[in-house]
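Chemist: Before we start, here is the structure in question, set down as structure tokens.
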There are 2 protein chains.
Amino acid sequence: MAYNIVSLNELTAQFEKLPGIGKKTAQRLAFYVITAPEEYAKRFAAALTDARSKIGFCKTCQALTDGELCPVCADGQRDKSIICVVSDPKDVLAFERTREYKGVYHVLHGVISPLDGIGPEKLKIKELLARLSDGVVKEVIMATDPTVEGEATASYISRFIKPMGIKITRLAYGVPVGGDLEYADEVTLQRALDGRNEI
Amino acid sequence: MAYNIVSLNELTAQFEKLPGIGKKTAQRLAFYVITAPEEYAKRFAAALTDARSKIGFCKTCQALTDGELCPVCADGQRDKSIICVVSDPKDVLAFERTREYKGVYHVLHGVISPLDGIGPEKLKIKELLARLSDGVVKEVIMATDPTVEGEATASYISRFIKPMGIKITRLAYGVPVGGDLEYADEVTLQRALDGRNEI
């Protein structure tokens, strides 16, 4: 009696595995695909396997790339003496959107989180320290997320870098631009007060 | 300077074409795929092409199926004398979830909507009328959406069916079960009053 179309169920199941996609949405997307032009399903399928097989990590900074080096590391114009350390490949794109940062990156691929079983050895910390040994790097900006885990990871890594005599900085805390003070939490407001600048 | 990974952009673009998926979400989904196990991307891609190529319309009722007949039309237990006419293949699944309806379906694949350039000739009306000619069908339930277009489509089709001496019914209007009367619109409330039943 159940209305069972195997290939439709399978497609729905695959959509449902995506983050933030529930059963209803997965079904709606699956229906869209099977009623869209056949060309779309083909291009989508090709894009999936293509992206998954071609994209790897930059051998220098561990960011995503489809070549050997990521576009930033491959760019001769970037300042190799400043490394911005982020936890996630997506963070690189966020900084690149500012169009202001001219240094390079290092992606840790996670933060230290004992509760999730993620210890320092699972992050790309060894790779970061290796990059610092040649004397080119003058500053390391710790740009992990402003969370407990992000903070802990930043301070863990700085303990190794400080003895090398390299400047370590952390992103400024404060109220977000365009935000509403009314909705800012106490800790953020306190940090914004602590870090106040003369105008 | 732009952080450009061709295959990642292509995958993001394909996700963005899905209904209700914006740029940010598309990027998040694409990132998920390229960091998920390779097996996932492969199965997803296979499911896409598979579903798109295998699924077609039931030759009797025009519902979705991966065979010649849909599971409902192929089921000998279903009552072929009642046809429930819906506008969208998804509506069939909605009725099947009730587990109460024992008749069969007919999918119009749209509603008459002159503003969108959809005339009656674009719907599967011809196919419906052909099914009614053999004298088996005793009742046609018009279950198009309770919208202006759905109503117009239902009344357009009934004009052809009435002369055949077949009973035509329309879904009952009223307040939805579990709904809050406070938020029911005037028209729905009026219809619910009009259709009140003795208890």
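Within each chain, counting starts at residue 1; across the structure tokens, chains are named A, B, ... in the order shown, with ligands numbered 1 upward in that order.
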Counting only C-alpha atoms, which residues of chain A fall within 6 Å of chain B, and what is the closest atom pair for each with its distance in Å at one decimal, ordered by chain and rising number, as JSON lines?
Modeler:
{"residue": "A:Tyr3", "atom": "CA", "partner": "B:Pro71", "partner_atom": "CA", "distance": 6.0}
{"residue": "A:Ser7", "atom": "CA", "partner": "B:Ala51", "partner_atom": "CA", "distance": 4.9}
{"residue": "A:Leu8", "atom": "CA", "partner": "B:Ala51", "partner_atom": "CA", "distance": 5.6}
{"residue": "A:Leu11", "atom": "CA", "partner": "B:Ala47", "partner_atom": "CA", "distance": 5.0}
{"residue": "A:Gln14", "atom": "CA", "partner": "B:Phe44", "partner_atom": "CA", "distance": 5.6}
{"residue": "A:Ile34", "atom": "CA", "partner": "B:Arg52", "partner_atom": "CA", "distance": 4.8}
{"residue": "A:Ala41", "atom": "CA", "partner": "B:Leu48", "partner_atom": "CA", "distance": 5.7}
{"residue": "A:Lys42", "atom": "CA", "partner": "B:Thr49", "partner_atom": "CA", "distance": 6.0}
{"residue": "A:Phe44", "atom": "CA", "partner": "B:Gln14", "partner_atom": "CA", "distance": 5.6}
{"residue": "A:Ala45", "atom": "CA", "partner": "B:Ala45", "partner_atom": "CA", "distance": 4.1}
{"residue": "A:Ala47", "atom": "CA", "partner": "B:Leu11", "partner_atom": "CA", "distance": 5.0}
{"residue": "A:Leu48", "atom": "CA", "partner": "B:Ala41", "partner_atom": "CA", "distance": 5.7}
{"residue": "A:Thr49", "atom": "CA", "partner": "B:Ala41", "partner_atom": "CA", "distance": 5.7}
{"residue": "A:Ala51", "atom": "CA", "partner": "B:Ser7", "partner_atom": "CA", "distance": 4.9}
{"residue": "A:Arg52", "atom": "CA", "partner": "B:Ile34", "partner_atom": "CA", "distance": 4.7}
{"residue": "A:Pro71", "atom": "CA", "partner": "B:Tyr3", "partner_atom": "CA", "distance": 6.0}
Chemist: Pick out the residues sitting within 7 Å of B:Asp79, and hand them over as an MDAnalysis selection string; count only C-alpha atoms, and ignore anything fewer than 3 positions along from it in its own chain.
Modeler: chainID B and resid 82 102:104
Chemist: Could you write those residues out with N, CA, C and O atoms, as a PDB file, in the first residue's frame?
Modeler:
ATOM      1  N   ILE B  82     -13.276   5.263  -8.200  1.00  0.00           N
ATOM      2  CA  ILE B  82     -13.166   6.622  -7.660  1.00  0.00           C
ATOM      3  C   ILE B  82     -11.815   7.202  -8.066  1.00  0.00           C
ATOM      4  O   ILE B  82     -10.765   6.602  -7.817  1.00  0.00           O
ATOM      5  N   LYS B 102      -8.980   4.851  -0.623  1.00  0.00           N
ATOM      6  CA  LYS B 102      -8.760   3.555  -1.266  1.00  0.00           C
ATOM      7  C   LYS B 102      -8.920   3.627  -2.797  1.00  0.00           C
ATOM      8  O   LYS B 102      -8.798   2.615  -3.474  1.00  0.00           O
ATOM      9  N   GLY B 103      -9.275   4.803  -3.323  1.00  0.00           N
ATOM     10  CA  GLY B 103      -9.459   4.948  -4.757  1.00  0.00           C
ATOM     11  C   GLY B 103      -8.138   5.158  -5.477  1.00  0.00           C
ATOM     12  O   GLY B 103      -7.073   4.870  -4.931  1.00  0.00           O
ATOM     13  N   VAL B 104      -8.224   5.634  -6.704  1.00  0.00           N
ATOM     14  CA  VAL B 104      -7.016   5.918  -7.467  1.00  0.00           C
ATOM     15  C   VAL B 104      -6.913   7.429  -7.706  1.00  0.00           C
ATOM     16  O   VAL B 104      -7.754   8.201  -7.251  1.00  0.00           O
TER      17      VAL B 104
END
Chemist: B:Val111, B:Leu193, B:Ala63, B:Val175: which is nearest B:Ala154, counting only C-alpha atoms?
Modeler: B:Val111
Chemist: Report the residues of chain A whose backbone DSSP state falls under alpha helix (DSSP H), written as a ChimeraX atom specification.
Modeler: /A:6-16,23-35,38-54,71-74,89-98,125-132,148-161,186-194
Chemist: Excluding A:Val85 and any residue of its chain fewer than 3 positions from it, enumerate the residues within 12 Å of it, using only C-alpha atoms, and give them as a ChimeraX atom specification.
Modeler: /A:61-63,82,88-89,91-92,95,103-111,123-125,127-129,131,139-145,150,153-154,157-158,168-171
Chemist: Write a file of the just-selected residues containing N, CA and C atoms, as a short mmCIF file (atom, residue, chain, number, x, y, z; two decimals), in the first residue's frame.
Modeler:
data_model
loop_
_atom_site.label_atom_id
_atom_site.label_comp_id
_atom_site.auth_asym_id
_atom_site.auth_seq_id
_atom_site.Cartn_x
_atom_site.Cartn_y
_atom_site.Cartn_z
N CYS A 61 49.07 25.74 3.41
CA CYS A 61 48.22 26.28 4.48
C CYS A 61 47.03 25.41 4.84
N GLN A 62 46.82 24.28 4.15
CA GLN A 62 45.73 23.35 4.46
C GLN A 62 44.34 23.89 4.11
N ALA A 63 44.30 25.04 3.38
CA ALA A 63 42.99 25.53 2.93
C ALA A 63 42.55 24.68 1.74
N ILE A 82 52.87 37.31 7.43
CA ILE A 82 51.74 37.30 8.37
C ILE A 82 50.88 36.08 8.08
N ASP A 88 38.52 26.75 10.30
CA ASP A 88 37.70 26.13 9.26
C ASP A 88 38.02 26.73 7.88
N PRO A 89 38.01 25.89 6.82
CA PRO A 89 38.28 26.42 5.47
C PRO A 89 37.34 27.56 5.09
N ASP A 91 36.32 29.92 6.92
CA ASP A 91 36.76 31.18 7.51
C ASP A 91 37.69 31.94 6.57
N VAL A 92 38.46 31.17 5.76
CA VAL A 92 39.36 31.82 4.79
C VAL A 92 38.53 32.67 3.83
N PHE A 95 37.39 35.93 5.45
CA PHE A 95 38.42 36.97 5.50
C PHE A 95 38.69 37.53 4.11
N GLY A 103 47.82 39.14 4.07
CA GLY A 103 48.72 38.05 4.46
C GLY A 103 48.24 36.71 3.95
N VAL A 104 48.78 35.62 4.53
CA VAL A 104 48.36 34.28 4.15
C VAL A 104 47.62 33.63 5.32
N TYR A 105 47.18 32.38 5.12
CA TYR A 105 46.37 31.71 6.14
C TYR A 105 46.99 30.40 6.59
N HIS A 106 46.42 29.88 7.65
CA HIS A 106 46.69 28.49 8.01
C HIS A 106 45.40 27.93 8.60
N VAL A 107 44.93 26.84 8.02
CA VAL A 107 43.67 26.26 8.47
C VAL A 107 43.95 25.07 9.39
N LEU A 108 43.42 25.12 10.61
CA LEU A 108 43.65 24.06 11.59
C LEU A 108 42.75 22.85 11.37
N HIS A 109 41.63 23.04 10.69
CA HIS A 109 40.63 21.99 10.49
C HIS A 109 40.05 21.50 11.81
N GLY A 110 39.58 22.44 12.60
CA GLY A 110 38.94 22.09 13.86
C GLY A 110 39.51 22.89 15.02
N VAL A 111 38.93 22.68 16.17
CA VAL A 111 39.45 23.28 17.40
C VAL A 111 39.58 22.17 18.43
N LEU A 123 44.57 18.31 14.88
CA LEU A 123 44.56 19.58 14.14
C LEU A 123 45.89 19.75 13.38
N LYS A 124 45.87 20.69 12.43
CA LYS A 124 47.07 20.91 11.61
C LYS A 124 48.03 21.86 12.32
N ILE A 125 48.36 21.54 13.57
CA ILE A 125 49.25 22.41 14.36
C ILE A 125 50.70 22.16 13.99
N GLU A 127 51.85 21.27 11.17
CA GLU A 127 52.09 21.91 9.89
C GLU A 127 52.30 23.41 10.06
N LEU A 128 51.58 24.01 11.03
CA LEU A 128 51.73 25.45 11.27
C LEU A 128 53.11 25.74 11.84
N LEU A 129 53.50 24.96 12.85
CA LEU A 129 54.80 25.19 13.49
C LEU A 129 55.94 25.01 12.48
N ARG A 131 55.86 25.75 9.40
CA ARG A 131 55.94 26.94 8.54
C ARG A 131 56.68 28.09 9.22
N GLU A 139 54.43 37.59 12.14
CA GLU A 139 53.25 37.69 13.00
C GLU A 139 52.28 36.55 12.72
N VAL A 140 51.70 36.03 13.79
CA VAL A 140 50.65 35.02 13.65
C VAL A 140 49.39 35.58 14.29
N ILE A 141 48.33 35.71 13.47
CA ILE A 141 47.05 36.21 14.00
C ILE A 141 46.18 35.02 14.35
N MET A 142 45.82 34.88 15.60
CA MET A 142 44.96 33.78 16.02
C MET A 142 43.51 34.17 15.74
N ALA A 143 42.94 33.58 14.70
CA ALA A 143 41.58 33.94 14.30
C ALA A 143 40.65 32.74 14.43
N THR A 144 40.82 31.98 15.49
CA THR A 144 39.86 30.90 15.77
C THR A 144 38.59 31.56 16.28
N ASP A 145 37.49 30.79 16.26
CA ASP A 145 36.20 31.37 16.67
C ASP A 145 36.24 31.91 18.10
N GLY A 150 37.56 27.78 20.80
CA GLY A 150 38.41 28.60 19.94
C GLY A 150 39.49 29.29 20.76
N THR A 153 42.07 26.74 22.02
CA THR A 153 42.96 26.34 20.93
C THR A 153 43.99 27.42 20.66
N ALA A 154 43.52 28.68 20.64
CA ALA A 154 44.43 29.80 20.38
C ALA A 154 45.51 29.88 21.45
N ILE A 157 48.06 26.94 21.19
CA ILE A 157 49.04 27.08 20.10
C ILE A 157 50.04 28.20 20.41
N SER A 158 49.56 29.28 21.04
CA SER A 158 50.48 30.39 21.30
C SER A 158 51.62 29.99 22.23
N ILE A 168 52.40 37.31 18.33
CA ILE A 168 51.11 36.62 18.22
C ILE A 168 50.00 37.60 18.56
N THR A 169 48.99 37.68 17.73
CA THR A 169 47.87 38.57 18.02
C THR A 169 46.57 37.78 17.99
N ARG A 170 45.52 38.40 18.52
CA ARG A 170 44.21 37.75 18.54
C ARG A 170 43.24 38.77 17.97
N LEU A 171 42.20 38.32 17.31
CA LEU A 171 41.18 39.23 16.76
C LEU A 171 40.60 40.08 17.88
#
Chemist: Counting only C-alpha atoms, what is within 12 Å of A:Asp134, bar same-chain residues fewer than 4 positions away, as a PyMOL selection string?
Modeler: chain A and resi 80-81+128-130+138+164+166
Chemist: As JSON, numbers by chain, list the residues of stretch 4-101 of chain B assigned to strand (DSSP E or B) by DSSP on the backbone atoms of this structure.
Modeler: {"B": [56, 57, 64, 65, 79, 80, 81, 82, 83, 84, 85, 86]}
Chemist: Between atom CA of A:Gly174 and atom CA of A:Gly195, what distance in Å does the model show, to one decimal?
Modeler: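 Distance reported for this atom pair: 7.3 Å.
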Chemist: Could you tell me how far atom CA of B:Tyr101 sits from atom CA of B:Ile83, in Å to one decimal place?
Modeler: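 According to the coordinates, atom CA of B:Ile83 and atom CA of B:Tyr101 are separated by 10.3 Å.
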Chemist: Measure the distance from atom CA of B:Glu151 to atom CA of B:Ile199 in Å and round it to one decimal.
Modeler: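 Between atom CA of B:Glu151 and atom CA of B:Ile199 the gap is 28.7 Å.
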